[in-house]
$ cat my_file-v1.csv   # CSV, C-alpha atoms
chain,number,residue,atom,x,y,z
A,1,MET,CA,-37.7,-82.0,96.1
A,2,ASN,CA,-34.9,-82.1,93.5
A,3,SER,CA,-34.4,-78.6,92.1
A,4,ALA,CA,-31.7,-79.6,89.6
A,5,THR,CA,-32.3,-78.1,86.2
A,6,GLN,CA,-34.4,-80.4,84.1
A,7,PHE,CA,-34.9,-78.7,80.8
A,8,LYS,CA,-32.5,-77.1,78.2
A,9,PRO,CA,-33.2,-74.5,75.5
A,10,GLY,CA,-35.2,-76.0,72.7
A,11,ASP,CA,-37.0,-78.6,74.9
A,12,ARG,CA,-40.7,-78.8,74.3
A,13,VAL,CA,-42.8,-78.2,77.4
A,14,THR,CA,-46.4,-77.9,78.5
A,15,VAL,CA,-47.5,-75.7,81.4
A,16,LYS,CA,-49.4,-77.7,84.0
A,17,PHE,CA,-53.0,-76.7,84.5
A,18,GLN,CA,-52.9,-76.4,88.2
A,19,ASP,CA,-55.3,-74.5,90.4
A,20,ARG,CA,-54.8,-74.5,94.1
A,21,PRO,CA,-55.0,-72.1,97.0
A,22,GLY,CA,-51.9,-69.8,97.5
A,23,HIS,CA,-49.8,-67.4,95.5
A,24,LEU,CA,-49.5,-68.9,92.0
A,25,ARG,CA,-46.8,-67.3,89.8
A,26,THR,CA,-48.1,-68.7,86.5
A,27,PRO,CA,-50.8,-66.7,84.9
A,28,TRP,CA,-54.1,-68.4,84.1
A,29,TYR,CA,-53.9,-67.7,80.3
A,30,ILE,CA,-50.8,-69.8,79.9
A,31,ARG,CA,-51.8,-72.8,81.9
A,32,GLY,CA,-52.2,-75.9,79.8
A,33,LYS,CA,-50.4,-74.3,76.8
A,34,SER,CA,-47.4,-75.8,75.1
A,35,GLY,CA,-44.2,-74.1,74.0
A,36,TRP,CA,-40.5,-74.5,74.2
A,37,ILE,CA,-37.6,-73.5,76.5
A,38,GLU,CA,-36.0,-70.3,75.2
A,39,GLN,CA,-33.5,-69.7,78.0
A,40,VAL,CA,-32.6,-70.9,81.4
A,41,HIS,CA,-32.6,-67.9,83.8
A,42,GLY,CA,-31.1,-69.7,86.8
A,43,GLU,CA,-32.2,-70.7,90.3
A,44,PHE,CA,-34.2,-68.5,92.5
A,45,ARG,CA,-36.0,-68.7,95.8
A,46,ASN,CA,-39.6,-69.9,95.2
A,47,PRO,CA,-41.9,-66.9,95.3
A,48,GLU,CA,-44.9,-69.1,96.0
A,49,SER,CA,-43.2,-69.8,99.4
A,50,LEU,CA,-41.8,-66.3,99.9
A,51,ALA,CA,-45.3,-64.9,99.5
A,52,PHE,CA,-46.2,-66.5,102.9
A,53,GLY,CA,-43.1,-65.3,104.7
A,54,HIS,CA,-41.3,-68.6,104.3
A,55,ASP,CA,-37.7,-68.9,103.1
A,56,GLY,CA,-38.4,-69.8,99.5
A,57,LEU,CA,-36.2,-72.9,99.7
A,58,PRO,CA,-35.4,-75.1,97.9
A,59,LYS,CA,-34.6,-72.7,95.1
A,60,LYS,CA,-36.5,-73.4,91.8
A,61,THR,CA,-35.2,-73.1,88.3
A,62,LEU,CA,-36.8,-70.3,86.3
A,63,TYR,CA,-37.1,-70.5,82.6
A,64,LEU,CA,-38.0,-68.1,79.8
A,65,VAL,CA,-40.6,-70.1,77.9
A,66,ALA,CA,-41.7,-69.3,74.3
A,67,PHE,CA,-45.1,-69.9,72.9
A,68,ASN,CA,-46.5,-69.3,69.5
A,69,GLN,CA,-49.1,-66.5,69.9
A,70,SER,CA,-51.5,-68.6,67.8
A,71,ASP,CA,-51.2,-71.5,70.3
A,72,VAL,CA,-52.2,-69.2,73.2
A,73,TRP,CA,-54.8,-66.9,71.7
A,74,GLY,CA,-56.1,-68.8,68.7
A,75,ARG,CA,-56.8,-67.2,65.3
A,76,THR,CA,-56.8,-63.6,66.6
A,77,ALA,CA,-53.1,-63.5,67.1
A,78,ALA,CA,-50.4,-62.6,64.5
A,79,PRO,CA,-49.3,-66.1,63.4
A,80,LYS,CA,-45.6,-65.4,63.4
A,81,ASP,CA,-45.4,-63.7,66.8
A,82,LYS,CA,-44.0,-65.3,69.9
A,83,LEU,CA,-45.0,-64.8,73.5
A,84,LEU,CA,-42.3,-65.1,76.2
A,85,VAL,CA,-43.2,-65.9,79.8
A,86,ASP,CA,-41.0,-66.6,82.8
A,87,ILE,CA,-42.1,-69.9,84.3
A,88,TYR,CA,-40.7,-71.9,87.2
A,89,GLU,CA,-39.8,-75.5,86.7
A,90,HIS,CA,-42.4,-77.0,88.9
A,91,TRP,CA,-45.1,-75.6,86.6
A,92,LEU,CA,-43.6,-77.4,83.5
A,93,GLU,CA,-43.7,-80.9,82.2
A,94,SER,CA,-41.9,-82.3,79.1
A,95,SER,CA,-44.2,-82.5,76.1
A,96,ALA,CA,-41.8,-83.8,73.4
A,97,GLN,CA,-44.0,-86.8,72.6
A,98,GLU,CA,-47.4,-85.0,72.5
A,99,ARG,CA,-45.7,-82.4,70.3
A,100,GLU,CA,-44.6,-85.0,67.8
A,101,GLU,CA,-48.1,-86.4,67.5
A,102,CYS,CA,-49.4,-82.9,66.8
A,103,GLU,CA,-46.9,-82.1,64.0
A,104,PRO,CA,-48.5,-82.2,60.5
B,1,MET,CA,-61.0,-72.7,92.7
B,2,ALA,CA,-61.2,-70.1,90.0
B,3,ARG,CA,-59.1,-67.5,88.4
B,4,GLY,CA,-58.1,-64.8,90.9
B,5,HIS,CA,-59.3,-61.2,90.6
B,6,HIS,CA,-55.7,-60.1,89.8
B,7,ASP,CA,-55.1,-62.7,87.1
B,8,ILE,CA,-57.0,-61.1,84.2
B,9,GLY,CA,-54.6,-61.4,81.3
B,10,GLY,CA,-56.4,-62.3,78.1
B,11,LEU,CA,-59.9,-61.8,79.4
B,12,PRO,CA,-62.1,-60.1,76.8
B,13,GLY,CA,-63.8,-56.8,77.5
B,14,ALA,CA,-60.9,-55.0,79.2
B,15,GLY,CA,-60.9,-52.3,76.6
B,16,PRO,CA,-57.8,-50.3,75.5
B,17,ILE,CA,-54.9,-49.6,77.8
B,18,ASP,CA,-54.8,-46.0,79.1
B,19,GLN,CA,-51.3,-44.9,78.2
B,20,SER,CA,-51.7,-41.3,79.1
B,21,GLU,CA,-49.3,-39.7,81.5
B,22,HIS,CA,-50.7,-38.6,84.8
B,23,THR,CA,-49.4,-36.8,87.9
B,24,LEU,CA,-49.0,-38.8,91.1
B,25,SER,CA,-50.6,-37.4,94.3
B,26,ASP,CA,-48.4,-36.8,97.3
B,27,TRP,CA,-49.9,-39.7,99.1
B,28,GLU,CA,-49.1,-42.0,96.2
B,29,ILE,CA,-45.5,-41.1,96.3
B,30,LEU,CA,-45.5,-41.6,100.0
B,31,ALA,CA,-47.1,-45.0,99.5
B,32,ASP,CA,-44.2,-45.9,97.3
B,33,ALA,CA,-41.7,-44.6,99.8
B,34,VAL,CA,-43.3,-46.6,102.7
B,35,ASN,CA,-43.3,-49.7,100.5
B,36,GLN,CA,-39.6,-49.3,99.7
B,37,ALA,CA,-38.6,-48.5,103.2
B,38,LEU,CA,-40.3,-51.6,104.5
B,39,GLY,CA,-38.6,-53.7,101.8
B,40,ALA,CA,-35.2,-52.2,102.6
B,41,ARG,CA,-35.7,-53.1,106.3
B,42,GLY,CA,-36.6,-56.6,105.4
B,43,VAL,CA,-40.1,-56.2,106.9
B,44,LYS,CA,-41.9,-57.5,103.9
B,45,ARG,CA,-41.2,-58.9,100.4
B,46,THR,CA,-42.8,-58.1,97.1
B,47,ASP,CA,-44.2,-61.6,96.9
B,48,GLU,CA,-46.0,-61.1,100.2
B,49,MET,CA,-47.5,-57.8,98.9
B,50,ARG,CA,-48.7,-59.6,95.8
B,51,ARG,CA,-50.3,-62.3,97.9
B,52,ALA,CA,-52.0,-59.8,100.1
B,53,ARG,CA,-53.6,-58.1,97.0
B,54,GLU,CA,-54.7,-61.5,95.8
B,55,GLU,CA,-56.4,-62.3,99.1
B,56,MET,CA,-58.4,-59.0,99.3
B,57,ASP,CA,-62.1,-59.0,98.9
B,58,SER,CA,-62.7,-59.0,95.1
B,59,ALA,CA,-65.1,-56.1,95.0
B,60,ALA,CA,-62.8,-54.0,97.1
B,61,TYR,CA,-59.8,-54.9,94.8
B,62,ARG,CA,-61.7,-53.8,91.7
B,63,ASP,CA,-62.8,-50.6,93.3
B,64,MET,CA,-59.3,-49.6,94.5
B,65,THR,CA,-56.8,-47.6,92.5
B,66,TYR,CA,-53.3,-49.0,92.1
B,67,TYR,CA,-51.7,-47.3,95.1
B,68,GLU,CA,-54.8,-47.8,97.2
B,69,ARG,CA,-54.2,-51.6,96.7
B,70,TRP,CA,-50.6,-51.0,97.8
B,71,ILE,CA,-51.6,-49.3,101.0
B,72,ALA,CA,-54.2,-51.9,101.8
B,73,SER,CA,-51.6,-54.7,101.2
B,74,ILE,CA,-49.0,-52.9,103.4
B,75,GLU,CA,-51.7,-52.6,106.2
B,76,ALA,CA,-52.6,-56.3,105.8
B,77,ILE,CA,-49.0,-57.5,106.0
B,78,LEU,CA,-48.1,-55.2,109.0
B,79,ILE,CA,-51.1,-56.5,110.9
B,80,GLU,CA,-50.4,-60.1,109.9
B,81,LYS,CA,-46.8,-59.8,111.2
B,82,LYS,CA,-48.1,-58.2,114.4
B,83,ILE,CA,-46.0,-55.0,113.8
B,84,LEU,CA,-49.2,-52.9,114.0
B,85,THR,CA,-52.7,-53.7,115.1
B,86,LYS,CA,-55.9,-52.6,113.2
B,87,GLU,CA,-56.8,-50.6,116.3
B,88,GLU,CA,-53.5,-48.6,116.3
B,89,ILE,CA,-53.9,-47.9,112.6
B,90,ASP,CA,-57.6,-46.8,113.0
B,91,ARG,CA,-56.7,-44.6,116.0
B,92,LYS,CA,-53.9,-42.8,114.1
B,93,LEU,CA,-56.3,-42.4,111.2
B,94,SER,CA,-58.9,-40.7,113.3
B,95,GLN,CA,-56.2,-38.4,114.7
B,96,PHE,CA,-55.3,-37.4,111.2
B,97,GLU,CA,-59.0,-36.9,110.3
B,98,SER,CA,-59.6,-34.7,113.3
B,99,LYS,CA,-56.5,-32.6,112.6
B,100,TRP,CA,-56.9,-32.2,108.8
B,101,GLY,CA,-60.5,-33.3,108.1
B,102,GLU,CA,-61.6,-36.3,106.2
B,103,PRO,CA,-59.6,-37.0,103.0
$ encode --input "my_file-v1.csv" --output "structure tokens"
Amino acid sequence: MNSATQFKPGDRVTVKFQDRPGHLRTPWYIRGKSGWIEQVHGEFRNPESLAFGHDGLPKKTLYLVAFNQSDVWGRTAAPKDKLLVDIYEHWLESSAQEREECEP
Amino acid sequence: MARGHHDIGGLPGAGPIDQSEHTLSDWEILADAVNQALGARGVKRTDEMRRAREEMDSAAYRDMTYYERWIASIEAILIEKKILTKEEIDRKLSQFESKWGEP
């Protein structure tokens, strides 16, 4: 697996809606949601591997990903607020195209 | 597969967060100390502890307090790594109980 950094700040991303056995580091509420890269934290050993006593290699890039609260929770959220979540690269896919289609 | 018992962010019905200060019991402070000592010795990692909590029986997880979950995870990881056996832990526990009475 290539662990080279794939995204840069500002890139539109969608969190994969994965569900599988094991230790998953992406909370359920954010799976399937779209946002943008706020910051690249760097590369870290993969906690989903460390959780089973393995070496956590190859390292995975961790991002600070921003979401509009309204995109996560719907109408109940304050519309101008953002939600920031740390998400590893293997949970993210580019969503530039889908985002353009959604723009008003 | 379904959402794990630990992964409850955003679920309705949780009620308000209890933000009141509360005093820790001696055993809770000890639980933290044991956890940190095992981490410093490289016996276990935080991610393993999290995984152990996720693998617990769901009803037991919900019934336990925060540090009870820590103790249960430490026990699970020590047994998994063959550092202690369930029998050794139970034997020590019964020694404590006969010495000091049931908790």
$ residues_around --input "my_file-v1.csv" --residues "Gln6 (chain A)" --least-positions-apart "6" --cutoff "10 Å" --atoms "all atoms listed in the file" --output "MDAnalysis selection string"
chainID A and resid 61 89:90 92:94
$ residues_around --input "my_file-v1.csv" --residues "Lys80 (chain A)" --least-positions-apart "4" --cutoff "9 Å" --atoms "all atoms listed in the file" --output "PyMOL selection string"
chain A and resi 68-70
$ write_last_selection --input "my_file-v1.csv" --atoms "C-alpha atoms" --output "CSV table (one decimal), keeping the file's coordinate frame"
chain,number,residue,atom,x,y,z
A,68,ASN,CA,-46.5,-69.3,69.5
A,69,GLN,CA,-49.1,-66.5,69.9
A,70,SER,CA,-51.5,-68.6,67.8
$ residues_near_point --input "my_file-v1.csv" --point "(-41.1, -78.1, 76.1)" --cutoff "6 Å" --atoms "only C-alpha atoms" --output "NGL selection string"
:A and (11-14 or 35-37 or 94-95)
$ write_last_selection --input "my_file-v1.csv" --atoms "C-alpha atoms" --output "mmCIF file, in the coordinates of the input"
data_model
loop_
_atom_site.group_PDB
_atom_site.id
_atom_site.type_symbol
_atom_site.label_atom_id
_atom_site.label_comp_id
_atom_site.auth_asym_id
_atom_site.auth_seq_id
_atom_site.Cartn_x
_atom_site.Cartn_y
_atom_site.Cartn_z
ATOM 1 C CA ASP A 11 -37.000 -78.600 74.900
ATOM 2 C CA ARG A 12 -40.700 -78.800 74.300
ATOM 3 C CA VAL A 13 -42.800 -78.200 77.400
ATOM 4 C CA THR A 14 -46.400 -77.900 78.500
ATOM 5 C CA GLY A 35 -44.200 -74.100 74.000
ATOM 6 C CA TRP A 36 -40.500 -74.500 74.200
ATOM 7 C CA ILE A 37 -37.600 -73.500 76.500
ATOM 8 C CA SER A 94 -41.900 -82.300 79.100
ATOM 9 C CA SER A 95 -44.200 -82.500 76.100
#
$ interface_residues --input "my_file-v1.csv" --of "chain B" --to "chain A" --cutoff "12 Å" --atoms "all atoms listed in the file" --output "MDAnalysis selection string"
chainID B and resid 1:12 42:55 77 80:81
$ atom_distance --input "my_file-v1.csv" --atom1 "CA of Trp70 (chain B)" --atom2 "CA of Lys82 (chain B)"
18.3 Å
$ residues_near_point --input "my_file-v1.csv" --point "(-51.7, -42.6, 94.9)" --cutoff "12 Å" --atoms "only C-alpha atoms" --output "PyMOL selection string"
chain B and resi 22-33+64-72
